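J.: The file below is target-v1.pdb, PDB, C-alpha atoms:
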```pdb
ATOM      1  CA  MET A   1      45.569 155.749 113.252
ATOM      2  CA  ILE A   2      42.021 156.824 112.340
ATOM      3  CA  ILE A   3      40.401 154.358 114.708
ATOM      4  CA  SER A   4      42.622 155.315 117.639
ATOM      5  CA  LYS A   5      42.057 159.066 117.201
ATOM      6  CA  CYS A   6      38.318 159.139 116.435
ATOM      7  CA  ASN A   7      35.574 159.022 119.049
ATOM      8  CA  THR A   8      32.821 157.484 116.915
ATOM      9  CA  VAL A   9      32.448 155.179 113.943
ATOM     10  CA  ASP A  10      30.805 158.016 111.978
ATOM     11  CA  GLU A  11      33.808 160.252 112.600
ATOM     12  CA  ALA A  12      36.231 157.512 111.536
ATOM     13  CA  LEU A  13      34.253 156.841 108.352
ATOM     14  CA  PHE A  14      34.197 160.577 107.616
ATOM     15  CA  TYR A  15      38.012 160.688 107.696
ATOM     16  CA  VAL A  16      38.321 157.472 105.647
ATOM     17  CA  ARG A  17      36.038 158.901 102.950
ATOM     18  CA  ARG A  18      37.815 162.269 102.906
ATOM     19  CA  THR A  19      41.232 160.589 102.730
ATOM     20  CA  ILE A  20      40.145 158.557  99.698
ATOM     21  CA  GLU A  21      38.381 161.509  98.005
ATOM     22  CA  ASN A  22      41.276 163.928  98.494
ATOM     23  CA  ASN A  23      44.201 161.490  98.397
ATOM     24  CA  TRP A  24      45.510 162.797 101.725
ATOM     25  CA  SER A  25      48.937 161.819 102.978
ATOM     26  CA  ARG A  26      49.329 160.553 106.540
ATOM     27  CA  ASN A  27      50.556 164.011 107.607
ATOM     28  CA  VAL A  28      47.560 165.765 106.067
ATOM     29  CA  LEU A  29      45.174 163.260 107.644
ATOM     30  CA  THR A  30      46.814 163.757 111.035
ATOM     31  CA  HIS A  31      46.507 167.538 110.686
ATOM     32  CA  GLN A  32      42.840 167.299 109.691
ATOM     33  CA  ILE A  33      42.048 165.065 112.673
ATOM     34  CA  GLU A  34      43.973 167.285 115.101
ATOM     35  CA  SER A  35      42.262 170.412 113.744
ATOM     36  CA  ASN A  36      38.923 168.618 114.221
ATOM     37  CA  LEU A  37      37.683 168.883 110.645
ATOM     38  CA  TYR A  38      34.832 166.494 111.429
ATOM     39  CA  ALA A  39      33.376 168.855 114.047
ATOM     40  CA  ARG A  40      33.879 171.921 111.838
ATOM     41  CA  ASN A  41      32.431 170.348 108.709
ATOM     42  CA  GLY A  42      29.183 171.964 107.634
ATOM     43  CA  LYS A  43      28.490 173.599 110.996
ATOM     44  CA  GLU A  44      28.110 177.132 109.679
ATOM     45  CA  ILE A  45      24.674 178.588 110.157
ATOM     46  CA  SER A  46      22.997 179.605 106.922
ATOM     47  CA  ASN A  47      19.594 179.856 105.324
ATOM     48  CA  PHE A  48      20.729 178.248 102.067
ATOM     49  CA  SER A  49      18.557 175.144 102.416
ATOM     50  CA  SER A  50      15.410 177.223 102.901
ATOM     51  CA  THR A  51      16.119 179.880 100.260
ATOM     52  CA  LEU A  52      17.813 177.977  97.424
ATOM     53  CA  PRO A  53      16.930 174.849  95.461
ATOM     54  CA  ALA A  54      18.763 171.694  96.618
ATOM     55  CA  PRO A  55      21.696 171.636  94.162
ATOM     56  CA  GLN A  56      22.494 175.326  94.684
ATOM     57  CA  SER A  57      22.027 175.194  98.465
ATOM     58  CA  ASP A  58      24.389 172.209  98.705
ATOM     59  CA  LEU A  59      26.995 174.013  96.607
ATOM     60  CA  ALA A  60      26.672 177.218  98.622
ATOM     61  CA  GLN A  61      27.058 175.277 101.876
ATOM     62  CA  GLN A  62      30.164 173.510 100.537
ATOM     63  CA  ILE A  63      31.752 176.842  99.613
ATOM     64  CA  ILE A  64      31.562 178.251 103.149
ATOM     65  CA  LYS A  65      31.882 175.085 105.207
ATOM     66  CA  ASP A  66      35.560 175.169 106.118
ATOM     67  CA  PRO A  67      37.151 178.401 107.385
ATOM     68  CA  TYR A  68      40.755 179.217 106.641
ATOM     69  CA  LYS A  69      43.079 177.662 109.204
ATOM     70  CA  PHE A  70      46.429 179.415 109.685
ATOM     71  CA  ASP A  71      47.481 177.628 112.870
ATOM     72  CA  PHE A  72      50.640 176.389 111.112
ATOM     73  CA  LEU A  73      51.892 180.005 111.046
ATOM     74  CA  SER A  74      51.935 180.425 114.844
ATOM     75  CA  LEU A  75      49.870 183.622 114.654
ATOM     76  CA  THR A  76      47.567 184.460 117.535
ATOM     77  CA  PRO A  77      44.085 185.187 116.207
ATOM     78  CA  PRO A  78      42.263 187.495 116.161
ATOM     79  CA  GLU A  79      45.025 189.942 117.007
ATOM     80  CA  TYR A  80      47.237 189.351 113.965
ATOM     81  CA  THR A  81      47.079 191.851 111.138
ATOM     82  CA  GLU A  82      46.732 191.172 107.440
ATOM     83  CA  ARG A  83      50.372 192.220 107.025
ATOM     84  CA  GLU A  84      51.510 189.642 109.629
ATOM     85  CA  LEU A  85      49.470 186.997 107.806
ATOM     86  CA  GLU A  86      51.040 187.980 104.488
ATOM     87  CA  GLN A  87      54.558 187.852 105.966
ATOM     88  CA  GLY A  88      53.855 184.467 107.551
ATOM     89  CA  LEU A  89      52.624 183.011 104.274
ATOM     90  CA  LEU A  90      55.532 184.497 102.354
ATOM     91  CA  SER A  91      58.017 183.013 104.810
ATOM     92  CA  ILE A  92      56.866 179.457 104.064
ATOM     93  CA  LEU A  93      56.392 179.710 100.299
ATOM     94  CA  PRO A  94      59.280 178.581  98.141
ATOM     95  CA  ILE A  95      60.908 181.156  95.873
ATOM     96  CA  SER A  96      59.464 179.351  92.843
ATOM     97  CA  GLY A  97      56.000 180.315  94.068
ATOM     98  CA  TRP A  98      56.796 184.034  93.955
ATOM     99  CA  ASN A  99      54.599 184.691  90.914
ATOM    100  CA  LEU A 100      51.660 183.138  92.737
ATOM    101  CA  VAL A 101      52.290 185.316  95.777
ATOM    102  CA  GLN A 102      52.345 188.454  93.649
ATOM    103  CA  ALA A 103      48.922 187.501  92.307
ATOM    104  CA  LEU A 104      47.375 187.218  95.783
ATOM    105  CA  PRO A 105      44.883 190.034  96.496
ATOM    106  CA  MET A 106      46.451 191.568  99.596
ATOM    107  CA  SER A 107      45.202 195.005 100.511
ATOM    108  CA  GLY A 108      47.794 197.701 100.963
ATOM    109  CA  SER A 109      50.221 195.987  98.618
ATOM    110  CA  SER A 110      53.673 195.936 100.148
ATOM    111  CA  GLY A 111      55.454 196.299  96.822
ATOM    112  CA  CYS A 112      57.730 193.318  97.510
TER     113      CYS A 112
END
```
Show how you would write the structure in this file as structure tokens.

T.:
Amino acid sequence: MIISKCNTVDEALFYVRRTIENNWSRNVLTHQIESNLYARNGKEISNFSSTLPAPQSDLAQQIIKDPYKFDFLSLTPPEYTERELEQGLLSILPISGWNLVQALPMSGSSGC
């Protein structure tokens, strides 16, 4: 699957490494390829490499490298509100995860 969906050898190797590192399932791998993780990886513009020593700049870059992707919720960015995002996330979480949801820092707490 990786070879047929990737355009370059570097891209294919990227997904092979990430699959091994993160123990991705086939579904997760498919999602990552379709959401073009390879192209998004580390593309954020920052001055970390010029202002921080190497270990700290690498860590800082890793922290911001991958934006949140909510495409599985069928929301239309950037028009959706925080409340719509919260409702979308709540609709897919199992009831057993309720305590986790209550701990999420949502502004304007809905009091659910």

J.: Quick one: of A:Ile20, A:Ile2, A:Ala60, A:Leu85, who's nearest to Ile33 of chain A, counting all atoms listed in the file?

T.: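 Answer, going by the shortest atom-to-atom distance: A:Ile2.
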
J.: Work out how far atom CA of Phe14 of chain A is from atom CA of Leu37 of chain A, in Å to one decimal.

T.: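 Separation between atom CA of Leu37 of chain A and atom CA of Phe14 of chain A: 9.5 Å.
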
J.: How many Å separate atom CA of Leu29 of chain A from atom CA of Arg83 of chain A?

T.: 29.4 Å

J.: Of the residues A:Ser74, A:Thr30, A:Ser35, A:Ser57, which is the one nearest to Gly88 of chain A, using all atoms listed in the file?

T.: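 Closest candidate: A:Ser74.
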
J.: Write out as an MDAnalysis selection string the residues lying within 10 Å of Ile3 of chain A, counting only C-alpha atoms and excluding same-chain residues fewer than 5 positions away.

T.: chainID A and resid 8:9 11:13 15:16

J.: Since we have the selection now, will you write its residues out, keeping C-alpha atoms, as a JSON list (two decimals), in the frame of the given file?

T.:
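result.json written:
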```json
[["chain", "number", "residue", "atom", "x", "y", "z"],
["A", 8, "THR", "CA", 32.82, 157.48, 116.92],
["A", 9, "VAL", "CA", 32.45, 155.18, 113.94],
["A", 11, "GLU", "CA", 33.81, 160.25, 112.60],
["A", 12, "ALA", "CA", 36.23, 157.51, 111.54],
["A", 13, "LEU", "CA", 34.25, 156.84, 108.35],
["A", 15, "TYR", "CA", 38.01, 160.69, 107.70],
["A", 16, "VAL", "CA", 38.32, 157.47, 105.65]]
```

J.: Between atom CA of Glu82 of chain A and atom CA of Asn36 of chain A, measure the distance and give it in Å to one decimal.

T.: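 That distance, rounded to one decimal, is 24.8 Å.
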
J.: Could you model N, CA and C atoms for segment 10-30 of chain A and present them as a compact mmCIF listing (two decimals), keeping the file's coordinate frame?

T.:
```txt
# COMPACT_ATOMS: atom_id res chain seq x y z
N ASP A 10 31.14 157.02 113.00
CA ASP A 10 30.80 158.02 111.98
C ASP A 10 31.98 158.95 111.70
N GLU A 11 32.65 159.37 112.76
CA GLU A 11 33.81 160.25 112.60
C GLU A 11 34.93 159.54 111.86
N ALA A 12 35.18 158.29 112.21
CA ALA A 12 36.23 157.51 111.54
C ALA A 12 35.91 157.34 110.06
N LEU A 13 34.66 157.00 109.75
CA LEU A 13 34.25 156.84 108.35
C LEU A 13 34.37 158.15 107.59
N PHE A 14 34.05 159.26 108.24
CA PHE A 14 34.20 160.58 107.62
C PHE A 14 35.64 160.77 107.15
N TYR A 15 36.60 160.49 108.05
CA TYR A 15 38.01 160.69 107.70
C TYR A 15 38.48 159.68 106.64
N VAL A 16 37.97 158.46 106.68
CA VAL A 16 38.32 157.47 105.65
C VAL A 16 37.84 157.96 104.28
N ARG A 17 36.59 158.40 104.23
CA ARG A 17 36.04 158.90 102.95
C ARG A 17 36.82 160.11 102.44
N ARG A 18 37.09 161.07 103.31
CA ARG A 18 37.82 162.27 102.91
C ARG A 18 39.24 161.93 102.45
N THR A 19 39.88 160.99 103.12
CA THR A 19 41.23 160.59 102.73
C THR A 19 41.22 160.00 101.33
N ILE A 20 40.25 159.16 101.03
CA ILE A 20 40.15 158.56 99.70
C ILE A 20 39.80 159.62 98.66
N GLU A 21 38.81 160.47 98.95
CA GLU A 21 38.38 161.51 98.00
C GLU A 21 39.50 162.49 97.66
N ASN A 22 40.28 162.87 98.67
CA ASN A 22 41.28 163.93 98.49
C ASN A 22 42.71 163.42 98.40
N ASN A 23 42.88 162.10 98.48
CA ASN A 23 44.20 161.49 98.40
C ASN A 23 45.17 162.10 99.42
N TRP A 24 44.70 162.20 100.67
CA TRP A 24 45.51 162.80 101.72
C TRP A 24 46.69 161.92 102.10
N SER A 25 47.80 162.53 102.40
CA SER A 25 48.94 161.82 102.98
C SER A 25 48.65 161.58 104.46
N ARG A 26 49.49 160.80 105.10
CA ARG A 26 49.33 160.55 106.54
C ARG A 26 49.44 161.86 107.32
N ASN A 27 50.38 162.73 106.92
CA ASN A 27 50.56 164.01 107.61
C ASN A 27 49.32 164.90 107.47
N VAL A 28 48.75 164.95 106.29
CA VAL A 28 47.56 165.76 106.07
C VAL A 28 46.40 165.21 106.88
N LEU A 29 46.24 163.89 106.85
CA LEU A 29 45.17 163.26 107.64
C LEU A 29 45.34 163.57 109.12
N THR A 30 46.55 163.45 109.63
CA THR A 30 46.81 163.76 111.04
C THR A 30 46.44 165.20 111.35
```
